[in-house]
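J.: Questions regarding the structure given below will be posed in turn.
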Amino acid sequence: MGSRAGPRQGYAATTVSDLGRAVGIAKGAPYSSIDSKENLLIEIQAGVMTPLVIE
């Protein structure tokens with residue numbers, strides 16, 4: 001998701017609305033699943049890193 005929305009402007013400048021637009025959902029829809037862009041990043045990092053650390 002963020003890889004499509006963020007490369008041109010970077011993480012700091014990418015908004016949750018940008019992320020929603022990148023995946024084709026309504027502007028406020030991401031907030032039904034996440035509290036903030038920062039929490040989304042934490043969830044993504046945990047999903048990627050946890051399997052690597054466990055192995």
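Labels used: A, B, ... for chains in the order of the structure tokens, numbers from 1 for residues in each chain, and numbers from 1 for ligands as shown.
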Identify, with DSSP run on backbone atoms, the residues in chain A assigned to alpha helix (DSSP H), and express the list as a PyMOL selection string.

T.: chain A and resi 2-5+10-13+16-23+37-54

J.: With distances taken over only C-alpha atoms, which of A:Gln9, A:Thr14, A:Arg21, A:Ala26 is nearest to Leu41 in chain A?

T.: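 Closest candidate: A:Thr14.
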
J.: How many Å lie between CA of Pro30 in chain A and CA of Val16 in chain A, rounded to one decimal?

T.: 6.9 Å

J.: Find the residues near Ser17 in chain A: any atom within 12 Å, counting only C-alpha atoms, skip ones fewer than 2 places away on the same chain, and give them as a list in words.

T.: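 In the requested format, the answer is Met1, Gly2, Ala5, Gly6, Ala13, Thr14, Thr15, Leu19, Gly20, Arg21, Ala22, Val23, Gly24, Ile25, Ala26, Lys27, Gly28, Ala29, Pro30, Tyr31, Ser36 and Lys37 of chain A.
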
J.: Just all heavy atoms for this one: save the residues we selected as a compact mmCIF listing (two decimals), in the first residue's frame.

T.:
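As written to disk, part27.txt reads:
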# COMPACT_ATOMS: atom_id res chain seq x y z
N MET A 1 0.84 -1.18 0.00
CA MET A 1 0.00 0.00 0.00
C MET A 1 0.88 1.24 0.00
O MET A 1 0.82 2.04 -0.91
CB MET A 1 -0.92 -0.05 1.20
CG MET A 1 -1.72 1.19 1.38
SD MET A 1 -2.96 1.20 2.68
CE MET A 1 -2.74 -0.19 3.66
N GLY A 2 1.67 1.41 1.01
CA GLY A 2 2.52 2.58 1.09
C GLY A 2 3.57 2.64 0.00
O GLY A 2 4.01 3.71 -0.39
N ALA A 5 2.04 4.58 -2.70
CA ALA A 5 1.66 5.95 -2.38
C ALA A 5 2.85 6.82 -2.00
O ALA A 5 2.82 8.01 -2.24
CB ALA A 5 0.65 5.96 -1.23
N GLY A 6 3.87 6.24 -1.43
CA GLY A 6 4.91 7.03 -0.84
C GLY A 6 6.20 7.30 -1.57
O GLY A 6 6.89 8.24 -1.23
N ALA A 13 5.62 12.85 4.07
CA ALA A 13 4.67 13.65 3.29
C ALA A 13 3.45 12.86 2.82
O ALA A 13 2.48 13.45 2.35
CB ALA A 13 5.37 14.27 2.09
N THR A 14 3.48 11.53 2.95
CA THR A 14 2.34 10.71 2.53
C THR A 14 1.28 10.71 3.62
O THR A 14 1.57 10.48 4.78
CB THR A 14 2.80 9.26 2.25
OG1 THR A 14 3.79 9.29 1.23
CG2 THR A 14 1.64 8.38 1.81
N THR A 15 0.05 11.01 3.23
CA THR A 15 -1.06 11.05 4.20
C THR A 15 -1.85 9.76 4.15
O THR A 15 -1.72 8.97 3.21
CB THR A 15 -2.01 12.22 3.88
OG1 THR A 15 -2.64 11.96 2.61
CG2 THR A 15 -1.28 13.55 3.83
N LEU A 19 -2.77 7.07 1.03
CA LEU A 19 -2.75 5.61 1.09
C LEU A 19 -4.09 5.03 0.64
O LEU A 19 -4.13 4.06 -0.12
CB LEU A 19 -2.41 5.14 2.51
CG LEU A 19 -1.05 5.55 3.05
CD1 LEU A 19 -0.90 5.16 4.50
CD2 LEU A 19 0.07 4.96 2.21
N GLY A 20 -5.18 5.62 1.12
CA GLY A 20 -6.51 5.16 0.71
C GLY A 20 -6.70 5.30 -0.78
O GLY A 20 -7.22 4.40 -1.44
N ARG A 21 -6.30 6.44 -1.32
CA ARG A 21 -6.42 6.68 -2.76
C ARG A 21 -5.61 5.64 -3.55
O ARG A 21 -6.04 5.15 -4.58
CB ARG A 21 -5.95 8.09 -3.09
CG ARG A 21 -6.33 8.56 -4.46
CD ARG A 21 -5.96 10.02 -4.72
NE ARG A 21 -6.23 10.93 -3.61
CZ ARG A 21 -5.31 11.51 -2.84
NH1 ARG A 21 -4.03 11.30 -3.06
NH2 ARG A 21 -5.65 12.31 -1.86
N ALA A 22 -4.43 5.28 -3.05
CA ALA A 22 -3.56 4.33 -3.74
C ALA A 22 -4.18 2.95 -3.86
O ALA A 22 -3.90 2.23 -4.81
CB ALA A 22 -2.22 4.25 -3.03
N VAL A 23 -5.01 2.60 -2.89
CA VAL A 23 -5.63 1.27 -2.94
C VAL A 23 -7.10 1.33 -3.35
O VAL A 23 -7.79 0.32 -3.33
CB VAL A 23 -5.46 0.51 -1.60
CG1 VAL A 23 -4.00 0.24 -1.33
CG2 VAL A 23 -6.11 1.23 -0.45
N GLY A 24 -7.57 2.51 -3.70
CA GLY A 24 -8.92 2.64 -4.25
C GLY A 24 -10.05 2.61 -3.24
O GLY A 24 -11.14 2.13 -3.54
N ILE A 25 -9.80 3.14 -2.04
CA ILE A 25 -10.87 3.20 -1.05
C ILE A 25 -11.15 4.67 -0.69
O ILE A 25 -10.34 5.54 -0.99
CB ILE A 25 -10.54 2.38 0.22
CG1 ILE A 25 -9.25 2.86 0.89
CG2 ILE A 25 -10.45 0.90 -0.12
CD1 ILE A 25 -8.93 2.15 2.19
N ALA A 26 -12.27 4.92 -0.06
CA ALA A 26 -12.68 6.28 0.28
C ALA A 26 -11.66 6.95 1.20
O ALA A 26 -10.94 6.29 1.96
CB ALA A 26 -14.04 6.26 0.96
N LYS A 27 -11.62 8.26 1.14
CA LYS A 27 -10.64 9.07 1.86
C LYS A 27 -10.51 8.71 3.35
O LYS A 27 -9.41 8.54 3.86
CB LYS A 27 -11.02 10.54 1.72
CG LYS A 27 -10.07 11.51 2.34
CD LYS A 27 -10.50 12.94 2.06
CE LYS A 27 -9.54 13.92 2.68
NZ LYS A 27 -9.86 15.29 2.34
N GLY A 28 -11.60 8.57 4.07
CA GLY A 28 -11.54 8.29 5.49
C GLY A 28 -11.58 6.82 5.85
O GLY A 28 -11.43 6.46 7.02
N ALA A 29 -11.74 5.96 4.87
CA ALA A 29 -11.89 4.52 5.15
C ALA A 29 -10.72 3.90 5.91
O ALA A 29 -10.95 3.04 6.77
CB ALA A 29 -12.14 3.76 3.85
N PRO A 30 -9.47 4.29 5.64
CA PRO A 30 -8.38 3.65 6.40
C PRO A 30 -8.52 3.82 7.91
O PRO A 30 -8.07 2.97 8.68
CB PRO A 30 -7.12 4.36 5.89
CG PRO A 30 -7.49 4.80 4.52
CD PRO A 30 -8.94 5.17 4.61
N TYR A 31 -9.15 4.91 8.35
CA TYR A 31 -9.28 5.15 9.79
C TYR A 31 -10.23 4.17 10.47
O TYR A 31 -10.23 4.08 11.69
CB TYR A 31 -9.72 6.59 10.06
CG TYR A 31 -8.60 7.58 9.83
CD1 TYR A 31 -8.60 8.42 8.74
CD2 TYR A 31 -7.53 7.65 10.71
CE1 TYR A 31 -7.56 9.33 8.53
CE2 TYR A 31 -6.49 8.54 10.51
CZ TYR A 31 -6.52 9.37 9.42
OH TYR A 31 -5.49 10.26 9.21
N SER A 36 -3.69 5.69 13.04
CA SER A 36 -2.80 6.69 12.46
C SER A 36 -1.86 6.04 11.45
O SER A 36 -1.72 4.81 11.42
CB SER A 36 -1.96 7.35 13.55
OG SER A 36 -1.06 6.41 14.11
N LYS A 37 -1.23 6.86 10.68
CA LYS A 37 -0.23 6.38 9.72
C LYS A 37 0.92 5.71 10.48
O LYS A 37 1.46 4.69 10.03
CB LYS A 37 0.27 7.57 8.91
CG LYS A 37 1.34 7.26 7.90
CD LYS A 37 1.72 8.46 7.07
CE LYS A 37 2.54 9.44 7.85
NZ LYS A 37 3.13 10.50 7.02

J.: Would you compute the distance between CA of Leu52 in chain A and CA of Glu38 in chain A? Give it in Å to one decimal.

T.: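 Going from CA of Leu52 in chain A over to CA of Glu38 in chain A covers 21.3 Å.
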
J.: What is the distance between CA of Ala12 in chain A and CA of Ile54 in chain A, in Å to one decimal?

T.: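 Going from CA of Ala12 in chain A over to CA of Ile54 in chain A covers 29.7 Å.
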